[in-house]
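This is work-v5.cif (mmCIF, C-alpha atoms and all ligand atoms).
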```cif
data_data
#
loop_
_atom_site.label_atom_id
_atom_site.label_comp_id
_atom_site.auth_asym_id
_atom_site.auth_seq_id
_atom_site.Cartn_x
_atom_site.Cartn_y
_atom_site.Cartn_z
CA MET A 1 142.15 -111.42 -200.16
CA ASN A 2 145.50 -110.07 -201.30
CA LEU A 3 146.50 -106.45 -200.94
CA SER A 4 145.53 -105.27 -204.43
CA GLU A 5 142.08 -106.88 -204.11
CA TYR A 6 141.67 -105.24 -200.71
CA LEU A 7 142.65 -101.81 -202.03
CA SER A 8 140.26 -102.02 -204.96
CA GLU A 9 137.44 -103.16 -202.63
CA ALA A 10 138.21 -100.13 -200.45
CA ASP A 11 138.04 -97.87 -203.55
CA THR A 12 134.66 -99.29 -204.51
CA ILE A 13 133.16 -98.87 -201.03
CA GLU A 14 134.49 -95.33 -200.75
CA ARG A 15 133.16 -94.36 -204.22
CA GLU A 16 129.73 -95.91 -203.79
CA GLY A 17 129.47 -94.67 -200.21
CA SER A 18 130.34 -91.11 -201.28
CA THR A 19 127.67 -91.15 -203.96
CA ALA A 20 125.03 -92.57 -201.61
CA LEU A 21 125.75 -90.08 -198.78
CA GLN A 22 126.13 -87.02 -200.99
CA SER A 23 122.99 -87.68 -202.99
CA ALA A 24 120.75 -88.37 -199.98
CA ALA A 25 117.80 -86.02 -200.49
CA ASP A 26 116.55 -85.89 -196.93
CA ALA A 27 117.26 -87.08 -193.40
CA ASP A 28 115.65 -90.50 -193.99
CA ALA A 29 117.67 -91.20 -197.14
CA LEU A 30 120.84 -90.10 -195.39
CA GLU A 31 120.16 -92.40 -192.46
CA ALA A 32 119.60 -95.34 -194.84
CA ALA A 33 122.93 -94.60 -196.58
CA ARG A 34 124.65 -94.30 -193.20
CA ILE A 35 123.37 -97.74 -192.10
CA ALA A 36 124.38 -99.29 -195.43
CA PHE A 37 127.95 -97.98 -195.30
CA LEU A 38 128.81 -96.90 -191.75
CA GLY A 39 126.39 -99.12 -189.80
CA ASP A 40 127.94 -101.05 -186.90
CA ARG A 41 126.42 -104.39 -187.76
CA GLN A 42 126.03 -104.82 -191.51
CA GLY A 43 127.71 -101.71 -192.84
CA ARG A 44 130.14 -102.18 -195.72
CA VAL A 45 132.89 -100.29 -193.88
CA LYS A 46 132.50 -102.75 -191.03
CA GLY A 47 132.90 -105.57 -193.55
CA LEU A 48 136.05 -103.92 -194.87
CA GLN A 49 137.42 -103.78 -191.33
CA GLU A 50 136.70 -107.45 -190.81
CA ALA A 51 138.43 -108.31 -194.09
CA LEU A 52 141.66 -106.83 -192.65
CA ARG A 53 142.01 -110.01 -190.65
CA GLY A 54 142.64 -112.00 -193.81
CA ILE A 55 145.49 -109.74 -194.97
CA SER A 56 149.05 -110.97 -194.53
CA LYS A 57 151.22 -109.46 -191.85
CA GLU A 58 153.52 -107.51 -194.23
CA ASP A 59 150.58 -105.99 -196.15
CA LYS A 60 148.55 -105.10 -193.05
CA PRO A 61 149.98 -101.58 -192.50
CA ALA A 62 149.17 -100.50 -196.10
CA ALA A 63 145.71 -102.11 -196.00
CA GLY A 64 144.98 -100.62 -192.54
CA LYS A 65 146.00 -97.18 -193.74
CA ARG A 66 143.68 -97.41 -196.75
CA PHE A 67 140.84 -98.65 -194.52
CA ASN A 68 141.22 -95.68 -192.15
CA GLU A 69 141.22 -93.21 -195.06
CA ALA A 70 138.05 -94.64 -196.53
CA ARG A 71 136.24 -94.68 -193.17
CA THR A 72 137.33 -91.13 -192.23
CA ARG A 73 136.25 -89.76 -195.61
CA LEU A 74 132.79 -91.39 -195.45
CA GLU A 75 132.25 -90.22 -191.86
CA ALA A 76 133.16 -86.67 -192.87
CA LEU A 77 130.82 -86.76 -195.87
CA HIS A 78 128.02 -88.00 -193.62
CA ALA A 79 128.49 -85.16 -191.11
CA GLU A 80 128.65 -82.61 -193.92
CA ARG A 81 125.47 -83.82 -195.59
CA LYS A 82 123.69 -84.07 -192.25
CA SER A 83 124.27 -80.42 -191.37
CA ALA A 84 123.40 -79.32 -194.92
CA ILE A 85 120.04 -81.08 -194.66
CA GLU A 86 119.39 -79.55 -191.21
CA ARG A 87 120.25 -76.08 -192.47
CA ALA A 88 117.93 -76.44 -195.43
CA THR A 89 115.12 -77.58 -193.14
CA THR A 90 115.37 -74.71 -190.65
CA SER A 91 115.91 -72.00 -193.26
CA GLY A 92 112.80 -73.33 -194.95
CA VAL A 93 110.87 -72.57 -191.72
CA GLN A 94 112.31 -69.05 -191.44
CA ASP A 95 111.23 -68.32 -194.97
CA ASP A 96 107.67 -69.41 -194.24
CA PRO A 97 105.71 -66.24 -195.04
CA SER A 98 102.68 -67.48 -193.09
CA LEU A 99 104.55 -67.29 -189.74
CA PRO A 100 103.40 -64.45 -187.44
CA ALA A 101 105.86 -61.52 -187.35
CA ARG A 102 108.17 -61.09 -184.37
CA ARG A 103 107.02 -58.38 -181.95
CA GLN A 104 109.09 -55.26 -182.45
CA TRP A 105 110.61 -53.47 -179.44
CA ARG A 106 110.02 -49.79 -179.97
CA GLY A 107 111.35 -48.11 -176.81
CA ALA A 108 109.29 -45.61 -174.82
CA LYS A 109 109.44 -42.36 -172.90
CA HIS A 110 110.92 -42.26 -169.42
CA PRO A 111 108.38 -41.80 -166.57
CA VAL A 112 109.91 -38.42 -165.63
CA THR A 113 109.59 -37.28 -169.26
CA LEU A 114 105.95 -38.39 -169.28
CA VAL A 115 105.29 -36.32 -166.14
CA ILE A 116 107.11 -33.25 -167.51
CA GLU A 117 105.21 -33.41 -170.81
CA GLU A 118 101.86 -33.74 -169.07
CA ILE A 119 102.63 -30.78 -166.79
CA GLU A 120 103.78 -28.72 -169.80
CA GLY A 121 100.49 -29.53 -171.53
CA ILE A 122 98.42 -28.29 -168.58
CA PHE A 123 100.37 -25.02 -168.25
CA ARG A 124 100.28 -24.43 -172.01
CA GLU A 125 96.50 -24.47 -171.79
CA LEU A 126 96.76 -21.86 -169.02
CA GLY A 127 98.70 -19.56 -171.38
CA PHE A 128 102.27 -20.41 -170.34
CA THR A 129 105.22 -20.58 -172.77
CA ILE A 130 108.01 -23.16 -172.37
CA ALA A 131 111.48 -21.64 -171.77
CA GLN A 132 114.95 -22.99 -171.04
CA GLY A 133 118.24 -21.78 -169.59
CA PRO A 134 121.84 -23.00 -169.22
CA GLU A 135 122.83 -25.74 -166.77
CA ALA A 136 126.28 -24.19 -166.24
CA GLU A 137 125.43 -20.90 -164.51
CA THR A 138 127.15 -17.97 -162.91
CA GLU A 139 127.01 -17.41 -159.17
CA TRP A 140 125.08 -14.23 -159.78
CA TYR A 141 122.19 -15.85 -161.65
CA ASN A 142 122.03 -18.88 -159.36
CA PHE A 143 122.31 -16.98 -156.06
CA GLY A 144 123.07 -13.23 -156.18
CA ALA A 145 120.19 -12.05 -158.37
CA LEU A 146 117.88 -14.34 -156.40
CA ASN A 147 118.49 -12.43 -153.17
CA PHE A 148 120.61 -15.11 -151.45
CA PRO A 149 122.68 -13.47 -148.70
CA SER A 150 126.41 -14.18 -149.18
CA ASN A 151 126.46 -16.36 -146.04
CA HIS A 152 123.61 -18.64 -147.17
CA PRO A 153 124.54 -22.33 -146.68
CA ALA A 154 123.51 -23.24 -150.24
CA LEU A 155 126.56 -21.30 -151.46
CA ASP A 156 128.82 -23.67 -149.58
CA ALA A 157 130.98 -26.05 -151.62
CA HIS A 158 129.40 -28.89 -149.63
CA ASP A 159 126.05 -28.16 -151.29
CA THR A 160 126.92 -26.78 -154.70
CA LEU A 161 129.04 -28.19 -157.53
CA TYR A 162 131.39 -25.37 -158.54
CA LEU A 163 133.12 -25.53 -161.91
CA GLU A 164 136.85 -25.11 -162.25
CA GLY A 165 137.77 -21.49 -162.87
CA GLN A 166 134.37 -19.91 -162.41
CA GLY A 167 130.70 -20.72 -162.48
CA LEU A 168 128.75 -23.64 -161.13
CA LEU A 169 126.15 -26.24 -162.06
CA ARG A 170 122.81 -24.61 -161.27
CA THR A 171 121.26 -25.93 -158.08
CA HIS A 172 117.73 -25.02 -159.19
CA THR A 173 115.89 -23.71 -162.26
CA SER A 174 115.17 -20.36 -160.54
CA PRO A 175 118.07 -18.52 -162.32
CA VAL A 176 116.00 -18.84 -165.50
CA GLN A 177 113.40 -16.58 -163.78
CA VAL A 178 116.01 -13.81 -163.85
CA ARG A 179 117.11 -14.57 -167.43
CA THR A 180 113.47 -14.48 -168.57
CA LEU A 181 112.74 -11.22 -166.74
CA GLN A 182 115.81 -9.62 -168.36
CA LYS A 183 114.80 -10.74 -171.82
CA TYR A 184 111.04 -10.12 -171.97
CA GLU A 185 108.66 -7.37 -170.93
CA PRO A 186 105.77 -8.35 -168.63
CA PRO A 187 103.19 -9.81 -168.92
CA ILE A 188 105.28 -12.97 -168.52
CA ARG A 189 104.02 -16.51 -168.07
CA VAL A 190 106.69 -19.19 -168.54
CA LEU A 191 107.25 -22.81 -167.57
CA ILE A 192 110.90 -23.85 -167.36
CA PRO A 193 111.80 -27.56 -167.23
CA GLY A 194 115.46 -28.53 -166.82
CA ASN A 195 118.12 -30.46 -164.94
CA VAL A 196 119.74 -29.22 -161.74
CA TYR A 197 122.72 -30.43 -159.69
CA ARG A 198 123.50 -30.69 -156.01
CA ARG A 199 126.16 -32.28 -153.87
CA ASP A 200 123.78 -34.89 -152.52
CA PHE A 201 124.31 -38.57 -151.86
CA PHE A 202 122.45 -40.93 -154.14
CA ASP A 203 119.87 -42.60 -151.87
CA ALA A 204 116.24 -43.76 -151.99
CA SER A 205 114.92 -40.18 -152.08
CA HIS A 206 117.86 -38.03 -153.33
CA ALA A 207 119.91 -37.83 -156.52
CA PRO A 208 122.83 -35.47 -157.26
CA ALA A 209 121.26 -34.58 -160.64
CA PHE A 210 117.53 -34.30 -161.12
CA ALA A 211 114.86 -32.47 -163.09
CA GLN A 212 112.92 -29.45 -161.90
CA ILE A 213 110.08 -27.45 -163.40
CA GLU A 214 110.00 -23.74 -162.65
CA GLY A 215 106.94 -21.57 -163.21
CA LEU A 216 106.90 -17.77 -163.36
CA CYS A 217 104.08 -15.29 -163.79
CA VAL A 218 104.72 -11.52 -163.69
CA ASP A 219 102.28 -8.75 -164.58
CA GLU A 220 100.54 -5.71 -163.10
CA GLY A 221 98.26 -6.55 -160.19
CA ILE A 222 99.29 -10.21 -159.72
CA SER A 223 98.60 -11.45 -156.17
CA PHE A 224 98.84 -14.56 -154.03
CA VAL A 225 95.28 -15.37 -155.10
CA ASP A 226 96.56 -15.93 -158.65
CA LEU A 227 99.27 -18.23 -157.36
CA LYS A 228 96.85 -20.33 -155.33
CA SER A 229 94.17 -20.57 -157.96
CA THR A 230 96.61 -21.46 -160.76
CA LEU A 231 98.37 -24.13 -158.70
CA ASN A 232 95.05 -25.53 -157.43
CA ARG A 233 93.82 -25.73 -161.00
CA PHE A 234 97.03 -27.54 -161.97
CA ALA A 235 96.66 -30.01 -159.04
CA GLU A 236 93.06 -30.68 -160.00
CA ARG A 237 94.06 -31.41 -163.60
CA PHE A 238 97.13 -33.48 -162.84
CA PHE A 239 96.12 -35.36 -159.68
CA GLY A 240 92.37 -35.60 -160.21
CA ALA A 241 90.05 -34.18 -157.58
CA SER A 242 92.79 -34.09 -154.90
CA ARG A 243 92.76 -31.52 -152.10
CA THR A 244 95.77 -29.25 -151.68
CA ARG A 245 97.23 -27.33 -148.75
CA PHE A 246 99.70 -24.46 -148.55
CA ARG A 247 102.24 -24.35 -145.71
CA PRO A 248 104.29 -21.24 -144.90
CA SER A 249 107.92 -21.62 -145.96
CA PHE A 250 111.02 -19.61 -146.77
CA PHE A 251 113.01 -18.94 -149.93
CA PRO A 252 115.28 -15.87 -150.32
CA PHE A 253 113.71 -15.10 -153.71
CA THR A 254 110.02 -15.20 -152.73
CA GLU A 255 108.07 -13.34 -150.05
CA PRO A 256 105.75 -14.66 -148.75
CA SER A 257 106.69 -18.27 -149.54
CA ALA A 258 104.65 -21.45 -149.34
CA GLU A 259 105.05 -25.16 -149.97
CA MET A 260 102.13 -26.89 -151.62
CA ASP A 261 101.07 -30.41 -150.65
CA VAL A 262 98.58 -32.57 -152.53
CA GLN A 263 96.43 -35.12 -150.78
CA CYS A 264 98.00 -38.57 -151.33
CA GLY A 265 96.33 -40.23 -154.31
CA ILE A 266 97.33 -43.72 -153.18
CA CYS A 267 95.64 -43.78 -149.74
CA GLY A 268 93.22 -40.87 -150.25
CA GLY A 269 94.67 -39.06 -147.23
CA SER A 270 94.45 -41.77 -144.57
CA GLY A 271 98.23 -42.29 -144.54
CA CYS A 272 100.36 -44.93 -146.30
CA ALA A 273 103.98 -45.73 -147.20
CA ALA A 274 103.94 -43.45 -150.27
CA CYS A 275 103.08 -40.36 -148.15
CA LYS A 276 105.05 -41.59 -145.12
CA GLY A 277 101.83 -41.82 -143.13
CA THR A 278 100.99 -38.11 -143.43
CA GLY A 279 98.24 -38.33 -146.06
CA TRP A 280 99.97 -35.53 -148.05
CA ILE A 281 102.62 -35.43 -150.77
CA GLU A 282 104.93 -32.42 -150.94
CA ILE A 283 104.81 -31.20 -154.53
CA LEU A 284 106.46 -27.79 -154.83
CA GLY A 285 107.88 -24.63 -153.31
CA SER A 286 106.36 -21.31 -154.32
CA GLY A 287 105.81 -17.69 -153.40
CA MET A 288 105.47 -14.10 -154.54
CA VAL A 289 108.59 -13.00 -156.45
CA HIS A 290 110.71 -10.90 -154.08
CA PRO A 291 110.95 -7.22 -155.16
CA ASN A 292 114.77 -7.50 -154.99
CA VAL A 293 114.64 -10.20 -157.70
CA LEU A 294 112.48 -8.05 -159.98
CA GLU A 295 114.82 -5.09 -159.46
CA ALA A 296 117.96 -7.19 -160.04
CA ALA A 297 116.49 -8.19 -163.41
CA GLY A 298 115.61 -4.57 -164.24
CA ILE A 299 111.84 -4.80 -163.66
CA ASP A 300 110.01 -1.99 -161.84
CA SER A 301 108.81 -3.65 -158.62
CA GLU A 302 106.42 -0.77 -157.88
CA ARG A 303 104.54 -1.45 -161.09
CA TYR A 304 104.82 -5.25 -161.41
CA THR A 305 104.31 -8.19 -159.09
CA GLY A 306 104.46 -11.90 -159.72
CA TRP A 307 104.61 -15.42 -158.37
CA ALA A 308 106.86 -18.39 -158.99
CA PHE A 309 107.08 -22.05 -158.14
CA GLY A 310 109.55 -24.91 -158.48
CA MET A 311 108.67 -28.59 -158.45
CA GLY A 312 110.42 -31.94 -158.79
CA PRO A 313 108.90 -34.17 -161.49
CA ALA A 314 110.80 -37.25 -160.20
CA ARG A 315 109.05 -36.96 -156.83
CA ILE A 316 105.74 -36.59 -158.63
CA ALA A 317 106.49 -39.64 -160.83
CA ILE A 318 107.31 -41.66 -157.73
CA SER A 319 104.02 -40.89 -156.01
CA ARG A 320 102.00 -41.25 -159.21
CA TYR A 321 103.42 -44.65 -160.17
CA GLY A 322 104.02 -45.91 -156.62
CA ILE A 323 107.82 -46.27 -157.15
CA PRO A 324 109.53 -47.20 -153.86
CA ASP A 325 113.05 -45.93 -154.65
CA ILE A 326 114.05 -42.87 -156.72
CA ARG A 327 117.18 -44.68 -157.99
CA VAL A 328 115.23 -46.92 -160.37
CA LEU A 329 114.45 -43.76 -162.36
CA TYR A 330 118.16 -43.51 -163.17
CA ASP A 331 118.93 -47.19 -163.85
CA SER A 332 117.49 -47.28 -167.39
CA ASP A 333 116.43 -50.88 -166.76
CA VAL A 334 113.91 -51.58 -169.53
CA ARG A 335 112.15 -54.22 -167.41
CA PHE A 336 111.11 -51.39 -165.07
CA LEU A 337 110.59 -48.72 -167.74
CA GLU A 338 108.35 -51.00 -169.82
CA GLN A 339 105.88 -51.28 -166.96
CA ILE A 340 105.20 -47.55 -167.04
CA ALA A 341 105.71 -46.82 -170.75
CA GLU A 342 102.60 -45.64 -172.56
N1 LIG B 401 114.14 -23.03 -156.34
C1 LIG B 401 113.48 -23.64 -155.20
C2 LIG B 401 114.16 -24.99 -154.90
O1 LIG B 401 114.91 -25.47 -155.67
C3 LIG B 401 112.01 -23.86 -155.47
C4 LIG B 401 111.24 -22.59 -155.70
C5 LIG B 401 111.09 -22.05 -156.96
C6 LIG B 401 110.63 -21.95 -154.61
C7 LIG B 401 110.35 -20.89 -157.15
C8 LIG B 401 109.90 -20.78 -154.80
C9 LIG B 401 109.79 -20.28 -156.08
O2 LIG B 401 113.94 -25.56 -153.85
#
```

Represent the supplied structure as structure tokens.
Ligand code: PHE
Amino acid sequence: MNLSEYLSEADTIEREGSTALQSAADADALEAARIAFLGDRQGRVKGLQEALRGISKEDKPAAGKRFNEARTRLEALHAERKSAIERATTSGVQDDPSLPARRQWRGAKHPVTLVIEEIEGIFRELGFTIAQGPEAETEWYNFGALNFPSNHPALDAHDTLYLEGQGLLRTHTSPVQVRTLQKYEPPIRVLIPGNVYRRDFFDASHAPAFAQIEGLCVDEGISFVDLKSTLNRFAERFFGASRTRFRPSFFPFTEPSAEMDVQCGICGGSGCAACKGTGWIEILGSGMVHPNVLEAAGIDSERYTGWAFGMGPARIAISRYGIPDIRVLYDSDVRFLEQIAE
């Protein structure tokens, strides 16, 4: 074979090969075209390579160059057609209208939000209104009006996050008691959910920012009996038929004061890890509103009395859902949140 015969043979193989590869309708046809042209044993490109041997020494570089071009072009066309056929096949599957739809991820409420909303619902039925107050407070609302003596340790910078200039991040929702009493005439029945801030380390049972729910009831003739019966009714509704107990306590803004415990729902009172072996879960602090607080807010303490409580919905969520570490409530890890989501 002389050079011009070789070059025209290369042209023919390249042209016919291009047509065969490009017009292959499916994977089988493409494979047949590949074997015919690019196959290792009988492929026409292989034949063209073998024919190089019969080309004279001076013509070999030109013939070899033409051979390489033809082979490279056909290999590229094969790869191109192969991926086009694959794409067409898979997009055909995606377009199949009979396939079941993908499950949609819709998100869900946080466990603490679920607890707050359920508690709000119970107190709404008992005639309470939902109220809110600012998270950046003045020292007077957070401490002074609530009868804290000026040497109380809570005022210390080690416990409270003071803001530059003046003010602080409220350490509890109790300042909203004072704001409510200033704004409305008794009878007052409000429930106040909100976030509070303390200089606490983040550990298994503490967080520097957490939610509280405050309750306040002020009217003529309100007594400790009202406090106990309302909170017992709440515990019955929220925790089922659990028993409660009141333990004497101290807060500057209530007198007398009491902490309320609910019998542990996980062990039924026999003692387990969730209740630290005591059989009881501490739910809230409460008491009769101190007359100094009523007076500071401009309410006649001779005419009106009232009670208040403050509870931590994160603690309640932990005991309700058996969560071992409070920090998972702040991680926003959907693998955890999904297990509780309703
Ligand atoms: N404010 C108190 C606290 O943060 C709880 C409380 C509220 C106690 C209302 C009595 C009455 O610990």

- Message: Neighbouring residues of ligand LIG 401 (chain B) are defined here as those with any atom at most 10 Å from a ligand atom, counting all atoms listed in the file; list them as a ChimeraX atom specification.
- Response: /A:142,146,170-175,177,196,212-216,249-259,284-290,307-312

Please save C-alpha atoms of the selected residues as a CSV table (one decimal), keeping the file's coordinate frame.
```
chain,number,residue,atom,x,y,z
A,142,ASN,CA,122.0,-18.9,-159.4
A,146,LEU,CA,117.9,-14.3,-156.4
A,170,ARG,CA,122.8,-24.6,-161.3
A,171,THR,CA,121.3,-25.9,-158.1
A,172,HIS,CA,117.7,-25.0,-159.2
A,173,THR,CA,115.9,-23.7,-162.3
A,174,SER,CA,115.2,-20.4,-160.5
A,175,PRO,CA,118.1,-18.5,-162.3
A,177,GLN,CA,113.4,-16.6,-163.8
A,196,VAL,CA,119.7,-29.2,-161.7
A,212,GLN,CA,112.9,-29.4,-161.9
A,213,ILE,CA,110.1,-27.4,-163.4
A,214,GLU,CA,110.0,-23.7,-162.6
A,215,GLY,CA,106.9,-21.6,-163.2
A,216,LEU,CA,106.9,-17.8,-163.4
A,249,SER,CA,107.9,-21.6,-146.0
A,250,PHE,CA,111.0,-19.6,-146.8
A,251,PHE,CA,113.0,-18.9,-149.9
A,252,PRO,CA,115.3,-15.9,-150.3
A,253,PHE,CA,113.7,-15.1,-153.7
A,254,THR,CA,110.0,-15.2,-152.7
A,255,GLU,CA,108.1,-13.3,-150.0
A,256,PRO,CA,105.8,-14.7,-148.8
A,257,SER,CA,106.7,-18.3,-149.5
A,258,ALA,CA,104.6,-21.4,-149.3
A,259,GLU,CA,105.0,-25.2,-150.0
A,284,LEU,CA,106.5,-27.8,-154.8
A,285,GLY,CA,107.9,-24.6,-153.3
A,286,SER,CA,106.4,-21.3,-154.3
A,287,GLY,CA,105.8,-17.7,-153.4
A,288,MET,CA,105.5,-14.1,-154.5
A,289,VAL,CA,108.6,-13.0,-156.4
A,290,HIS,CA,110.7,-10.9,-154.1
A,307,TRP,CA,104.6,-15.4,-158.4
A,308,ALA,CA,106.9,-18.4,-159.0
A,309,PHE,CA,107.1,-22.0,-158.1
A,310,GLY,CA,109.6,-24.9,-158.5
A,311,MET,CA,108.7,-28.6,-158.4
A,312,GLY,CA,110.4,-31.9,-158.8
```

Around the point (98.6, -23.3, -171.6) in the file's coordinates, collect all residues with an atom within 12 Å, using only C-alpha atoms, and return them as a PDB file with C-alpha atoms, in the coordinates of the input.
```pdb
ATOM      1  CA  GLU A 118     101.860 -33.740-169.070  1.00  0.00           C
ATOM      2  CA  ILE A 119     102.630 -30.780-166.790  1.00  0.00           C
ATOM      3  CA  GLU A 120     103.780 -28.720-169.800  1.00  0.00           C
ATOM      4  CA  GLY A 121     100.490 -29.530-171.530  1.00  0.00           C
ATOM      5  CA  ILE A 122      98.420 -28.290-168.580  1.00  0.00           C
ATOM      6  CA  PHE A 123     100.370 -25.020-168.250  1.00  0.00           C
ATOM      7  CA  ARG A 124     100.280 -24.430-172.010  1.00  0.00           C
ATOM      8  CA  GLU A 125      96.500 -24.470-171.790  1.00  0.00           C
ATOM      9  CA  LEU A 126      96.760 -21.860-169.020  1.00  0.00           C
ATOM     10  CA  GLY A 127      98.700 -19.560-171.380  1.00  0.00           C
ATOM     11  CA  PHE A 128     102.270 -20.410-170.340  1.00  0.00           C
ATOM     12  CA  THR A 129     105.220 -20.580-172.770  1.00  0.00           C
ATOM     13  CA  ILE A 130     108.010 -23.160-172.370  1.00  0.00           C
ATOM     14  CA  ARG A 189     104.020 -16.510-168.070  1.00  0.00           C
ATOM     15  CA  VAL A 190     106.690 -19.190-168.540  1.00  0.00           C
ATOM     16  CA  LEU A 191     107.250 -22.810-167.570  1.00  0.00           C
ATOM     17  CA  GLY A 215     106.940 -21.570-163.210  1.00  0.00           C
ATOM     18  CA  THR A 230      96.610 -21.460-160.760  1.00  0.00           C
ATOM     19  CA  ARG A 233      93.820 -25.730-161.000  1.00  0.00           C
ATOM     20  CA  PHE A 234      97.030 -27.540-161.970  1.00  0.00           C
TER      21      PHE A 234
END
```

- Task: Could you check which of A:Ile222, A:Val176, A:Ala314, A:Leu231 is closest to Phe210 in chain A, using all atoms listed in the file?
- Result: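 Of the candidates, the smallest distance to Phe210 in chain A is held by A:Ala314.
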
- Message: Could you list, as a ChimeraX atom specification, every residue within 9 Å of range 25-31 of chain A, counting all atoms listed in the file and ignoring same-chain residues fewer than 3 positions away?
- Response: /A:20-22,34-36,78,81-82,85-86

- Message: Measuring between all atoms listed in the file, which one of A:Thr305, A:Ser56, A:Asn147, A:Thr72 shows the shortest distance to Pro186 in chain A?
- Response: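 Closest candidate: A:Thr305.
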
- Message: One number please: CA of Leu168 in chain A to CA of Glu137 in chain A, in Å, one decimal.
- Response: 5.5 Å

- Task: Using all atoms listed in the file, find all polymer residues with an atom at most 6 Å away from the point (105.5, -43.4, -168.6); report them as number ranges by chain.
- Result: A: 109-111, 114, 340-342

Could the residues in this selection be written to a file with C-alpha atoms, as a PDB file, in the frame of the given file?
```pdb
ATOM      1  CA  LYS A 109     109.440 -42.360-172.900  1.00  0.00           C
ATOM      2  CA  HIS A 110     110.920 -42.260-169.420  1.00  0.00           C
ATOM      3  CA  PRO A 111     108.380 -41.800-166.570  1.00  0.00           C
ATOM      4  CA  LEU A 114     105.950 -38.390-169.280  1.00  0.00           C
ATOM      5  CA  ILE A 340     105.200 -47.550-167.040  1.00  0.00           C
ATOM      6  CA  ALA A 341     105.710 -46.820-170.750  1.00  0.00           C
ATOM      7  CA  GLU A 342     102.600 -45.640-172.560  1.00  0.00           C
TER       8      GLU A 342
END
```

- For CA of Phe201 in chain A and CA of His152 in chain A, the interatomic separation in Å (one decimal):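 One can read the CA of Phe201 in chain A to CA of His152 in chain A distance as 20.5 Å.
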
- For each of A:Pro248, A:Ser319, A:Leu52, A:Leu3, take the minimum atom-to-atom distance to Cys275 in chain A, counting all atoms listed in the file, then give the residue where this is smallest.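 Closest to Cys275 in chain A of all the choices is A:Ser319.
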